[in-house]
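Reproduced below: work-v2.cif, with mmCIF, C-alpha atoms.
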data_query
loop_
_atom_site.label_atom_id
_atom_site.label_comp_id
_atom_site.auth_asym_id
_atom_site.auth_seq_id
_atom_site.Cartn_x
_atom_site.Cartn_y
_atom_site.Cartn_z
CA MET A 59 33.06 -29.24 12.29
CA SER A 60 30.14 -26.76 12.16
CA THR A 61 29.20 -24.93 15.33
CA VAL A 62 25.65 -25.60 16.49
CA VAL A 63 23.59 -22.40 16.22
CA GLN A 64 21.22 -21.45 19.03
CA ALA A 65 17.57 -21.38 17.94
CA GLU A 66 17.14 -17.86 19.36
CA LYS A 67 19.89 -16.51 17.09
CA ALA A 68 18.31 -18.08 14.01
CA GLY A 69 14.91 -16.77 15.08
CA ALA A 70 16.24 -13.21 15.41
CA LYS A 71 17.68 -13.36 11.90
CA ILE A 72 14.33 -14.60 10.54
CA VAL A 73 12.61 -11.61 12.21
CA ASP A 74 15.05 -9.22 10.48
CA TRP A 75 14.47 -10.99 7.17
CA TYR A 76 10.68 -10.73 7.52
CA SER A 77 10.93 -7.01 8.33
CA CYS A 78 12.72 -6.47 5.00
CA ILE A 79 10.00 -8.39 3.19
CA ILE A 80 7.32 -6.12 4.66
CA SER A 81 9.24 -2.97 3.72
CA ARG A 82 9.87 -4.41 0.21
CA SER A 83 13.64 -4.06 0.64
CA ILE A 84 14.19 -6.84 -1.87
CA ASP A 85 17.99 -6.82 -2.07
CA GLN A 86 18.31 -6.83 1.71
CA ALA A 87 15.65 -9.54 2.02
CA ILE A 88 17.58 -11.77 -0.40
CA LEU A 89 20.78 -11.25 1.62
CA LEU A 90 19.06 -11.98 4.94
CA LYS A 91 17.39 -15.07 3.49
CA GLU A 92 20.83 -16.50 2.73
CA GLN A 93 22.03 -15.68 6.26
CA ALA A 94 18.89 -17.12 7.89
CA SER A 95 19.13 -20.27 5.77
CA ALA A 96 22.74 -20.82 6.85
CA LEU A 97 21.81 -20.40 10.53
CA VAL A 98 18.79 -22.71 10.30
CA LYS A 99 20.87 -25.36 8.54
CA ASN A 100 23.21 -25.55 11.56
CA MET A 101 20.60 -24.84 14.21
CA GLU A 102 19.86 -27.00 17.23
CA PRO A 103 16.58 -28.95 16.76
CA ASN A 104 13.60 -26.58 17.11
CA ASP A 105 10.35 -27.24 15.25
CA LYS A 106 8.90 -23.82 16.03
CA ILE A 107 11.80 -21.92 14.44
CA LEU A 108 11.65 -24.25 11.43
CA ALA A 109 7.95 -23.39 11.09
CA TYR A 110 8.76 -19.66 11.28
CA TYR A 111 11.42 -20.12 8.63
CA SER A 112 9.07 -22.02 6.31
CA LEU A 113 6.35 -19.37 6.57
CA VAL A 114 8.71 -16.46 6.01
CA GLU A 115 10.34 -18.29 3.10
CA PHE A 116 6.93 -18.68 1.49
CA ARG A 117 6.19 -14.97 2.03
CA HIS A 118 9.59 -14.19 0.47
CA GLU A 119 8.66 -16.23 -2.60
CA MET A 120 5.36 -14.34 -2.89
CA LEU A 121 7.30 -11.08 -2.82
CA LEU A 122 9.53 -12.28 -5.65
CA ARG A 123 6.55 -13.86 -7.46
CA GLN A 124 8.11 -17.25 -7.90
CA ASN A 125 7.74 -20.75 -6.54
CA ALA A 126 10.70 -22.66 -5.24
CA GLY A 127 9.17 -26.02 -6.05
CA MET A 128 7.36 -27.10 -2.89
CA LYS A 129 3.62 -27.03 -3.36
CA GLU A 130 1.78 -24.76 -0.93
CA GLU A 131 -0.29 -27.66 0.38
CA GLU A 132 2.88 -29.56 1.27
CA ARG A 133 4.40 -26.55 2.98
CA PHE A 134 1.35 -25.81 5.14
CA ALA A 135 0.85 -29.50 5.93
CA LYS A 136 4.29 -29.55 7.55
CA ILE A 137 3.39 -26.58 9.77
CA GLU A 138 -0.14 -27.55 10.86
CA PRO A 139 0.94 -30.27 13.36
CA ILE A 140 3.22 -27.76 15.08
CA LEU A 141 0.34 -25.28 15.37
CA GLU A 142 -1.81 -27.84 17.17
CA ASP A 143 0.75 -28.19 19.95
CA THR A 144 1.99 -24.62 20.31
CA VAL A 145 0.81 -21.70 22.42
CA ASP A 146 2.91 -19.34 20.33
CA HIS A 147 0.32 -16.78 19.21
CA LEU A 148 2.72 -15.04 16.81
CA LEU A 149 3.39 -18.29 14.96
CA LYS A 150 -0.34 -18.92 14.63
CA TYR A 151 -0.87 -15.34 13.44
CA LEU A 152 1.79 -15.70 10.75
CA TYR A 153 0.32 -19.01 9.61
CA TYR A 154 -3.20 -17.59 9.19
CA PHE A 155 -2.01 -14.31 7.67
CA ILE A 156 0.41 -15.80 5.15
CA SER A 157 -2.07 -18.54 4.25
CA GLY A 158 -4.64 -15.79 3.68
CA GLN A 159 -2.22 -13.87 1.46
CA ASN A 160 -1.75 -17.02 -0.60
CA GLU A 161 -5.51 -17.41 -0.99
CA TYR A 162 -5.78 -13.76 -2.04
CA ILE A 163 -3.06 -14.12 -4.67
CA ASN A 164 -4.90 -17.16 -6.05
CA GLU A 165 -8.19 -15.20 -6.23
CA ARG A 166 -9.88 -17.25 -3.49
CA TYR A 167 -11.18 -14.19 -1.69
CA LYS A 168 -13.77 -15.75 0.64
CA SER A 169 -11.23 -18.27 1.85
CA ALA A 170 -8.70 -15.44 2.32
CA ILE A 171 -11.03 -13.37 4.48
CA LYS A 172 -11.82 -16.35 6.72
CA LEU A 173 -8.10 -16.78 7.38
CA PHE A 174 -7.59 -13.03 7.88
CA ARG A 175 -10.34 -12.99 10.49
CA LYS A 176 -8.51 -15.70 12.43
CA ALA A 177 -5.28 -13.73 12.08
CA GLU A 178 -6.94 -10.52 13.25
CA ARG A 179 -7.95 -12.16 16.53
CA LEU A 180 -4.23 -12.70 17.16
CA LEU A 181 -3.07 -9.28 15.99
CA GLU A 182 -2.67 -8.03 19.57
CA TYR A 183 0.27 -10.40 19.94
CA VAL A 184 2.12 -8.76 17.04
CA ASP A 185 4.47 -6.18 18.53
CA ASP A 186 5.43 -4.53 15.25
CA ASP A 187 3.73 -1.52 13.65
CA ALA A 188 4.85 -2.42 10.13
CA GLU A 189 3.42 -5.93 10.45
CA GLU A 190 0.14 -4.51 11.76
CA ALA A 191 -0.04 -2.11 8.79
CA GLU A 192 0.74 -4.99 6.41
CA PHE A 193 -2.24 -6.90 7.80
CA TYR A 194 -4.59 -3.90 7.38
CA TYR A 195 -3.29 -3.40 3.82
CA TYR A 196 -4.05 -6.96 2.70
CA ALA A 197 -7.39 -6.98 4.53
CA GLY A 198 -8.29 -3.81 2.62
CA TRP A 199 -7.56 -5.50 -0.71
CA VAL A 200 -9.58 -8.61 0.15
CA TYR A 201 -12.60 -6.65 1.36
CA TYR A 202 -12.36 -4.56 -1.82
CA ARG A 203 -12.44 -7.71 -3.96
CA LEU A 204 -15.48 -8.91 -1.98
CA ASN A 205 -17.28 -5.58 -2.69
CA GLN A 206 -17.33 -4.74 1.02
CA TYR A 207 -16.36 -1.14 0.39
CA PRO A 208 -16.67 0.50 3.85
CA PHE A 209 -14.45 -2.24 5.33
CA ALA A 210 -11.98 -1.93 2.44
CA ILE A 211 -11.52 1.81 2.90
CA SER A 212 -11.36 1.54 6.69
CA TYR A 213 -8.57 -1.05 6.62
CA ALA A 214 -6.68 0.77 3.84
CA GLU A 215 -6.83 4.06 5.74
CA GLN A 216 -5.52 2.39 8.90
CA ALA A 217 -2.66 0.87 6.94
CA LYS A 218 -1.82 4.16 5.21
CA MET A 219 -1.73 6.05 8.50
CA ILE A 220 0.86 3.63 9.92
CA PHE A 221 2.90 3.43 6.72
CA ASP A 222 3.00 7.25 6.55
CA ARG A 223 4.24 7.41 10.13
CA LEU A 224 6.93 4.81 9.42
CA GLY A 225 8.01 6.55 6.21
CA TYR A 226 7.02 3.63 3.96
CA VAL A 227 6.14 5.85 0.97
CA ASP A 228 5.67 2.98 -1.51
CA LYS A 229 3.32 1.08 0.79
CA ALA A 230 1.31 4.22 1.58
CA MET A 231 0.78 4.84 -2.16
CA ASN A 232 -0.49 1.28 -2.57
CA CYS A 233 -3.06 2.02 0.13
CA GLN A 234 -4.16 5.05 -1.90
CA ILE A 235 -4.71 2.69 -4.84
CA ILE A 236 -7.17 0.62 -2.74
CA ILE A 237 -9.01 3.75 -1.59
CA ALA A 238 -9.18 5.15 -5.13
CA ALA A 239 -10.27 1.83 -6.66
CA THR A 240 -13.07 1.57 -4.11
CA ASN A 241 -14.26 5.10 -4.90
CA SER A 242 -14.16 4.26 -8.61
CA GLU A 243 -16.35 1.19 -8.16
CA VAL A 244 -19.02 3.24 -6.35
CA ARG A 245 -18.86 5.80 -9.20
CA LYS A 246 -17.01 8.56 -7.35
CA TYR A 247 -14.79 8.99 -10.39
CA LYS A 248 -13.50 12.50 -9.65
CA LYS A 249 -12.46 11.54 -6.13
CA ALA A 250 -10.70 8.43 -7.44
CA ASP A 251 -8.84 10.51 -10.04
CA ALA A 252 -7.75 13.06 -7.42
CA ILE A 253 -6.41 10.37 -5.05
CA LEU A 254 -4.50 8.62 -7.84
CA LYS A 255 -3.01 11.79 -9.31
CA ASP A 256 -1.86 12.83 -5.85
CA ALA A 257 -0.11 9.46 -5.48
CA LEU A 258 1.34 9.69 -8.99
CA GLN A 259 3.26 12.84 -8.02
CA GLN A 260 5.21 10.82 -5.44
CA ALA A 261 5.68 7.68 -7.52
CA GLU A 262 8.63 8.48 -9.79
CA ARG A 263 11.11 6.58 -7.59
CA TYR A 264 8.81 3.53 -7.45
CA PRO A 265 8.23 2.33 -11.04
CA GLU A 266 6.17 -0.73 -10.17
CA THR A 267 3.81 1.28 -7.97
CA LYS A 268 3.70 4.05 -10.57
CA SER A 269 2.52 1.52 -13.15
CA LEU A 270 -0.23 0.27 -10.80
CA ILE A 271 -1.42 3.85 -10.26
CA LEU A 272 -1.54 4.38 -14.04
CA ARG A 273 -3.40 1.08 -14.43
CA THR A 274 -5.98 2.12 -11.81
CA LEU A 275 -6.42 5.48 -13.56
CA GLY A 276 -7.09 3.43 -16.71
CA LEU A 277 -9.74 1.34 -14.98
CA ASN A 278 -11.38 4.50 -13.67
CA ALA A 279 -11.40 5.93 -17.20
CA ILE A 280 -13.06 2.74 -18.50
CA ARG A 281 -15.87 3.16 -15.97
CA LYS A 282 -16.29 6.75 -17.17
CA THR A 283 -16.37 5.39 -20.77
CA GLU A 284 -13.44 7.66 -21.65
CA TRP A 285 -11.82 5.18 -24.02
CA GLU A 286 -8.94 7.30 -25.35
CA GLU A 287 -8.01 8.38 -21.82
CA ALA A 288 -8.08 4.75 -20.69
CA GLU A 289 -5.91 3.73 -23.65
CA HIS A 290 -3.33 6.37 -22.70
CA TYR A 291 -3.09 5.15 -19.10
CA PHE A 292 -2.77 1.46 -19.97
CA LYS A 293 -0.15 2.10 -22.62
CA SER A 294 1.74 4.29 -20.12
CA ALA A 295 1.64 1.48 -17.55
CA LEU A 296 2.83 -1.12 -20.07
CA ALA A 297 5.69 1.18 -21.12
CA ILE A 298 7.20 0.61 -17.65
CA LYS A 299 9.52 -2.40 -17.66
CA GLU A 300 8.64 -3.50 -14.11
CA HIS A 301 4.97 -3.68 -15.08
CA ARG A 302 5.61 -5.64 -18.29
CA GLN A 303 7.59 -8.19 -16.27
CA SER A 304 4.91 -8.62 -13.60
CA PRO A 305 1.85 -10.92 -13.58
CA VAL A 306 -0.39 -7.84 -13.59
CA SER A 307 0.75 -7.02 -17.13
CA MET A 308 -1.58 -9.66 -18.58
CA LYS A 309 -4.51 -7.81 -16.99
CA SER A 310 -3.38 -4.51 -18.48
CA GLN A 311 -2.89 -6.14 -21.88
CA TYR A 312 -6.41 -7.55 -21.68
CA ASN A 313 -7.88 -4.20 -20.62
CA LEU A 314 -6.06 -2.42 -23.45
CA ALA A 315 -7.26 -5.00 -25.98
CA ASN A 316 -10.84 -4.61 -24.76
CA ILE A 317 -10.60 -0.81 -25.09
CA LEU A 318 -9.20 -1.06 -28.62
CA PHE A 319 -12.01 -3.42 -29.63
CA ARG A 320 -14.53 -0.84 -28.39
CA LEU A 321 -12.69 1.79 -30.42
CA GLN A 322 -13.04 -0.55 -33.44
CA ARG A 323 -9.28 -0.90 -33.88
CA ASP A 324 -9.51 -4.65 -34.22
CA LEU A 325 -6.08 -5.41 -35.67
CA GLU A 326 -4.20 -3.70 -32.82
CA ALA A 327 -6.68 -5.10 -30.29
CA ARG A 328 -6.07 -8.69 -31.42
CA GLU A 329 -2.31 -8.30 -30.91
CA PHE A 330 -2.75 -7.28 -27.27
CA PHE A 331 -5.49 -9.88 -26.75
CA LYS A 332 -3.18 -12.72 -27.87
CA LYS A 333 -0.49 -11.57 -25.44
CA ALA A 334 -3.05 -11.27 -22.65
CA GLU A 335 -4.41 -14.79 -23.26
CA VAL A 336 -0.95 -16.30 -22.80
CA GLY A 337 -0.60 -14.62 -19.41
CA ILE A 338 -4.17 -15.36 -18.34
CA HIS A 339 -3.67 -19.10 -18.88
CA TYR A 340 -0.17 -19.10 -17.41
CA TYR A 341 -1.23 -17.36 -14.19
CA ARG A 342 -4.63 -19.11 -14.15
CA SER A 343 -6.60 -15.95 -13.45
CA THR A 344 -10.25 -16.92 -13.12
CA GLU A 345 -11.54 -13.38 -13.40
CA TYR A 346 -9.60 -12.54 -16.54
CA LEU A 347 -10.28 -15.90 -18.14
CA ALA A 348 -13.98 -15.12 -17.75
CA ARG A 349 -13.53 -11.57 -19.06
CA SER A 350 -11.56 -12.86 -22.05
CA LEU A 351 -14.40 -15.24 -22.94
CA VAL A 352 -16.82 -12.31 -22.99
CA THR A 353 -14.49 -10.17 -25.10
CA LYS A 354 -13.88 -13.04 -27.53
CA GLY A 355 -17.62 -13.67 -27.82
CA LEU A 356 -18.49 -10.03 -28.49
CA TYR A 357 -15.64 -8.71 -30.63
CA ILE A 358 -13.75 -11.61 -32.17
CA GLU A 359 -16.66 -13.95 -32.85
CA LYS A 360 -19.02 -11.02 -33.41
CA GLY A 361 -21.79 -11.62 -30.92
CA ASN A 362 -21.29 -15.24 -29.86
CA LEU A 363 -23.45 -15.10 -26.73
CA ALA A 364 -22.60 -18.69 -25.79
CA LEU A 365 -19.07 -17.52 -24.93
CA VAL A 366 -20.51 -14.54 -23.04
CA GLU A 367 -22.70 -16.89 -21.00
CA GLU A 368 -19.71 -19.14 -20.30
CA GLY A 369 -17.77 -16.16 -18.98
CA ILE A 370 -20.62 -14.95 -16.78
CA HIS A 371 -21.13 -18.47 -15.44
CA LEU A 372 -17.46 -18.66 -14.46
CA LEU A 373 -17.69 -15.33 -12.66
CA ARG A 374 -20.87 -16.43 -10.89
CA GLU A 375 -19.22 -19.66 -9.71
CA ASN A 376 -16.58 -17.53 -8.01
CA ALA A 377 -19.04 -14.96 -6.61
CA LEU A 378 -17.47 -12.10 -8.61
CA GLU A 379 -20.67 -10.08 -8.72
CA PHE A 380 -19.17 -6.67 -9.53
CA GLU A 381 -17.35 -8.22 -12.47
CA ILE A 382 -20.60 -9.85 -13.68
CA ALA A 383 -22.26 -6.43 -13.62
CA GLU A 384 -19.44 -4.89 -15.66
CA VAL A 385 -19.38 -7.54 -18.42
CA ALA A 386 -23.18 -7.76 -18.54
CA GLU A 387 -23.43 -3.98 -19.01
CA GLU A 388 -20.80 -4.17 -21.73
CA THR A 389 -22.75 -6.96 -23.46
CA SER A 390 -25.99 -5.01 -23.18
CA ASP A 391 -24.36 -1.94 -24.74
CA TYR A 392 -22.92 -4.06 -27.58
CA LEU A 393 -26.32 -5.64 -28.32
CA GLU A 394 -28.14 -2.29 -28.13
CA LYS A 395 -25.79 -0.84 -30.75
CA ALA A 396 -26.41 -3.94 -32.89
CA GLY A 397 -30.15 -3.25 -32.78
CA LYS A 398 -30.94 -6.25 -30.57
CA SER A 399 -32.97 -4.46 -27.91
CA GLN A 400 -34.61 -7.52 -26.31
CA GLU A 401 -31.31 -9.31 -25.78
CA ALA A 402 -29.74 -6.06 -24.56
CA LEU A 403 -32.49 -5.76 -21.95
CA LYS A 404 -31.80 -9.31 -20.77
CA TYR A 405 -28.16 -8.51 -20.01
CA MET A 406 -29.05 -5.22 -18.35
CA LYS A 407 -31.21 -7.27 -15.98
CA VAL A 408 -28.25 -9.60 -15.34
CA ALA A 409 -26.15 -6.55 -14.45
CA TYR A 410 -28.86 -5.19 -12.15
CA GLU A 411 -29.23 -8.51 -10.31
CA ALA A 412 -25.45 -8.76 -9.88
CA LYS A 413 -25.36 -5.29 -8.29
CA LEU A 414 -28.09 -6.33 -5.88
CA ASN A 415 -26.24 -9.55 -5.04
CA GLN A 416 -22.94 -7.84 -4.31
CA ASN A 417 -24.65 -5.72 -1.67
CA ALA A 418 -26.72 -8.56 -0.24
CA LEU A 419 -24.19 -11.38 0.09
CA GLY A 420 -22.10 -11.68 3.22
CA VAL A 421 -18.36 -12.10 2.80
CA VAL A 422 -18.29 -15.67 4.10
CA GLN A 423 -21.46 -17.06 2.59
CA GLU A 424 -20.99 -19.94 0.21
#
Can I see the file as structure tokens?
Amino acid sequence: MSTVVQAEKAGAKIVDWYSCIISRSIDQAILLKEQASALVKNMEPNDKILAYYSLVEFRHEMLLRQNAGMKEEERFAKIEPILEDTVDHLLKYLYYFISGQNEYINERYKSAIKLFRKAERLLEYVDDDAEEAEFYYYAGWVYYRLNQYPFAISYAEQAKMIFDRLGYVDKAMNCQIIIAATNSEVRKYKKADAILKDALQQAERYPETKSLILRTLGLNAIRKTEWEEAEHYFKSALAIKEHRQSPVSMKSQYNLANILFRLQRDLEAREFFKKAEVGIHYYRSTEYLARSLVTKGLYIEKGNLALVEEGIHLLRENALEFEIAEVAEETSDYLEKAGKSQEALKYMKVAYEAKLNQNALGVVQE
């Protein structure tokens, strides 16, 4: 007969498990998940601990980039009734924060920031420096994706300071990626390069993070219109096994294809574009689906502006103003080189309006 496990003991094991998730100690997290699962299975009835377990399990799955079968709506629906009746601020914090992470991963950035704001009001109840840094890190990414650059850098710097103090080298380098990407988008290209190359020196032991640094260097090179440099960085990132096996690889394959099209190496470009399309549809990336429509319209169908408009419309529906500006500028440049000055001017105006919008729109406006 199995011994009934006290809820407190199961709860303590879940806390240890979650700490490993934050520090990205994957092997240890997998081991602790098994131990926590065994304890919860034989635990005395306790809805709150079950809710903790469900949230941490979902965060574990996000870390491993897989889905165990239960739809996210079903999972959160089981927890919401418990939240209504509890005064446990930490449980509420975890619910809002992990829900926000899920929205971020699914490219629903405005929804993510609304949930993060609710979580931030409960952050004072989180008695763990690593968890606090994890919150600042994700908030930095979401504000970056919403073009709210001062907020993005502020949160990323707070996260980096804590991760540095805790000795979380990998996490601190990821914060540098946010800071560099933000500088790149406001055209401080040299500063972005310097931050990324500093991080790259420390990244040899962390192949996945190294690949993301190389990818960000590639994006910075694209914005500088240094096509060969960008090609080098994306090919270097894709040469790393951990990157090729991650969802981000489809983005790098797309970016590399786009660069090769601009370099008029169509045959090689089409090979990477086909690979990218498979990943884009599999992971249902709205941004890269839109970008792929623009690339297909310009380079594969040789100036099919209907596809370009479809891509821009999709970006506009999702309030991705910076991305609209990038693809509209690319389209304008393509049309200018084709001798179509009037149409080129039209897309330069689209880019200009998008830049105005990204600075004017609040992060929670619909």
- Within 10 Å of (-12.7, -5.2, -24.0), in the coordinates the file gives, what residues turn up when you count all atoms listed in the file, written out as a ChimeraX atom specification? /A:280,312-321,327,331,349-350,352-354,356-357,385,388
- Item | Selected residue, from A:Ala68, A:Ile370, A:Ala109, A:Leu180, that lies nearest to Ser95 in chain A when counting all atoms listed in the file |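 Checking each candidate against Ser95 in chain A, we get A:Ala68 as the closest.
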- Would you mind listing what lies within 9 Å of Asn164 in chain A as a PyMOL selection string, with all atoms listed in the file counted and same-chain residues fewer than 6 positions away left out? chain A and resi 341-344
- Task: I need the residue set behind the PyMOL selection byres ((chain A and resi 249-266) around 9) for this file; please write it as a PyMOL selection string.
- Result: chain A and resi 227-228+230-232+234-235+237-242+245-248+267-272+274-275+278-279+295+298-301+304
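If you look at CA of Glu367 in chain A and CA of Glu379 in chain A, they are 14.2 Å away from each other.
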- Task: Using the chain letters and numbering of this document, enumerate as a PyMOL selection string the residues selected by the PyMOL selection byres ((chain A and resi 338) around 10).
- Result: chain A and resi 305-309+311-312+332-337+339-348+350
Could you save those same residues with C-alpha atoms as a PDB file, in the frame of the given file?
ATOM      1  CA  PRO A 305       1.850 -10.920 -13.580  1.00  0.00           C
ATOM      2  CA  VAL A 306      -0.390  -7.840 -13.590  1.00  0.00           C
ATOM      3  CA  SER A 307       0.750  -7.020 -17.130  1.00  0.00           C
ATOM      4  CA  MET A 308      -1.580  -9.660 -18.580  1.00  0.00           C
ATOM      5  CA  LYS A 309      -4.510  -7.810 -16.990  1.00  0.00           C
ATOM      6  CA  GLN A 311      -2.890  -6.140 -21.880  1.00  0.00           C
ATOM      7  CA  TYR A 312      -6.410  -7.550 -21.680  1.00  0.00           C
ATOM      8  CA  LYS A 332      -3.180 -12.720 -27.870  1.00  0.00           C
ATOM      9  CA  LYS A 333      -0.490 -11.570 -25.440  1.00  0.00           C
ATOM     10  CA  ALA A 334      -3.050 -11.270 -22.650  1.00  0.00           C
ATOM     11  CA  GLU A 335      -4.410 -14.790 -23.260  1.00  0.00           C
ATOM     12  CA  VAL A 336      -0.950 -16.300 -22.800  1.00  0.00           C
ATOM     13  CA  GLY A 337      -0.600 -14.620 -19.410  1.00  0.00           C
ATOM     14  CA  HIS A 339      -3.670 -19.100 -18.880  1.00  0.00           C
ATOM     15  CA  TYR A 340      -0.170 -19.100 -17.410  1.00  0.00           C
ATOM     16  CA  TYR A 341      -1.230 -17.360 -14.190  1.00  0.00           C
ATOM     17  CA  ARG A 342      -4.630 -19.110 -14.150  1.00  0.00           C
ATOM     18  CA  SER A 343      -6.600 -15.950 -13.450  1.00  0.00           C
ATOM     19  CA  THR A 344     -10.250 -16.920 -13.120  1.00  0.00           C
ATOM     20  CA  GLU A 345     -11.540 -13.380 -13.400  1.00  0.00           C
ATOM     21  CA  TYR A 346      -9.600 -12.540 -16.540  1.00  0.00           C
ATOM     22  CA  LEU A 347     -10.280 -15.900 -18.140  1.00  0.00           C
ATOM     23  CA  ALA A 348     -13.980 -15.120 -17.750  1.00  0.00           C
ATOM     24  CA  SER A 350     -11.560 -12.860 -22.050  1.00  0.00           C
TER      25      SER A 350
END
- Message: For a quick check of understanding, using all atoms listed in the file, which of A:Ser112, A:Arg203, A:Lys71, A:Ile107 has the smallest distance to Ala94 in chain A?
- Response: A:Lys71
- Please provide as a PyMOL selection string all residues within 10 Å of Tyr226 in chain A, with the sequence filter that same-chain residues fewer than 4 positions apart are discarded (counting all atoms listed in the file). chain A and resi 80-82+188+218+220-222+230-231
I need the chosen residues saved as a CSV table (one decimal), in the frame of the given file, with C-alpha atoms.
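That gives us part.csv:
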chain,number,residue,atom,x,y,z
A,80,ILE,CA,7.3,-6.1,4.7
A,81,SER,CA,9.2,-3.0,3.7
A,82,ARG,CA,9.9,-4.4,0.2
A,188,ALA,CA,4.8,-2.4,10.1
A,218,LYS,CA,-1.8,4.2,5.2
A,220,ILE,CA,0.9,3.6,9.9
A,221,PHE,CA,2.9,3.4,6.7
A,222,ASP,CA,3.0,7.2,6.6
A,230,ALA,CA,1.3,4.2,1.6
A,231,MET,CA,0.8,4.8,-2.2
As JSON, what would the box around range 402-415 of chain A look like: edges along x, y and z, 6 Å added on every side, centre and edge lengths in Å to one decimal?
{"center_x": -28.9, "center_y": -7.4, "center_z": -14.8, "size_x": 19.1, "size_y": 16.4, "size_z": 31.5}
- Task: Go through A:His118, A:Arg179, A:Lys67, A:Leu296 one by one, measure the shortest atom-to-atom distance of each to Gln86 in chain A using all atoms listed in the file, and give the residue with the smallest value.
- Result: A:His118
- Task: Give me, please, the distance in Å between CA of Ala177 in chain A and CA of Pro103 in chain A, quoted to one decimal.
- Result: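 Spanning CA of Ala177 in chain A to CA of Pro103 in chain A is a straight-line distance of 27.0 Å.
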- Message: I'd like the interatomic distance between CA of Val63 in chain A and CA of Glu102 in chain A, to a tenth of an Å.
- Response: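 These two atoms are separated by 6.0 Å.
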Suppose a student applies the PyMOL selection byres ((chain A and resi 77) around 12) to this structure; what residues should they get, written as a short mmCIF file (atom, residue, chain, number, x, y, z; two decimals) with C-alpha atoms, in the frame of the given file?
data_model
loop_
_atom_site.label_atom_id
_atom_site.label_comp_id
_atom_site.auth_asym_id
_atom_site.auth_seq_id
_atom_site.Cartn_x
_atom_site.Cartn_y
_atom_site.Cartn_z
CA ALA A 70 16.24 -13.21 15.41
CA LYS A 71 17.68 -13.36 11.90
CA ILE A 72 14.33 -14.60 10.54
CA VAL A 73 12.61 -11.61 12.21
CA ASP A 74 15.05 -9.22 10.48
CA TRP A 75 14.47 -10.99 7.17
CA TYR A 76 10.68 -10.73 7.52
CA CYS A 78 12.72 -6.47 5.00
CA ILE A 79 10.00 -8.39 3.19
CA ILE A 80 7.32 -6.12 4.66
CA SER A 81 9.24 -2.97 3.72
CA ARG A 82 9.87 -4.41 0.21
CA SER A 83 13.64 -4.06 0.64
CA ILE A 84 14.19 -6.84 -1.87
CA GLN A 86 18.31 -6.83 1.71
CA ALA A 87 15.65 -9.54 2.02
CA ILE A 88 17.58 -11.77 -0.40
CA LEU A 90 19.06 -11.98 4.94
CA LYS A 91 17.39 -15.07 3.49
CA VAL A 114 8.71 -16.46 6.01
CA ARG A 117 6.19 -14.97 2.03
CA HIS A 118 9.59 -14.19 0.47
CA ASP A 186 5.43 -4.53 15.25
CA ASP A 187 3.73 -1.52 13.65
CA ALA A 188 4.85 -2.42 10.13
CA GLU A 189 3.42 -5.93 10.45
CA GLU A 190 0.14 -4.51 11.76
CA GLU A 192 0.74 -4.99 6.41
#
Considering all atoms listed in the file, return as a JSON list (two decimals) with C-alpha atoms, keeping the file's coordinate frame whatever protein or nucleic-acid residues lie within 9 Å of Tyr195 in chain A, sequence-local ones (same chain, fewer than 6 positions apart) excluded.
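And here is the file that came out, around_20.json:
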[["chain", "number", "residue", "atom", "x", "y", "z"],
["A", 210, "ALA", "CA", -11.98, -1.93, 2.44],
["A", 213, "TYR", "CA", -8.57, -1.05, 6.62],
["A", 214, "ALA", "CA", -6.68, 0.77, 3.84],
["A", 215, "GLU", "CA", -6.83, 4.06, 5.74],
["A", 216, "GLN", "CA", -5.52, 2.39, 8.90],
["A", 217, "ALA", "CA", -2.66, 0.87, 6.94],
["A", 218, "LYS", "CA", -1.82, 4.16, 5.21],
["A", 229, "LYS", "CA", 3.32, 1.08, 0.79],
["A", 232, "ASN", "CA", -0.49, 1.28, -2.57],
["A", 233, "CYS", "CA", -3.06, 2.02, 0.13],
["A", 236, "ILE", "CA", -7.17, 0.62, -2.74]]
- Item | Within-8 Å shell of (-14.9, -5.5, 7.7) in input frame, all atoms listed in the file, as a ChimeraX atom specification | /A:201,206,208-210,212-213
- Message: From the options A:Leu89, A:Met219, A:Leu363, A:Ala197, which residue's atoms come nearest to Glu161 in chain A, counting only C-alpha atoms?
- Response: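 Of all the options, A:Ala197 lies closest to Glu161 in chain A.
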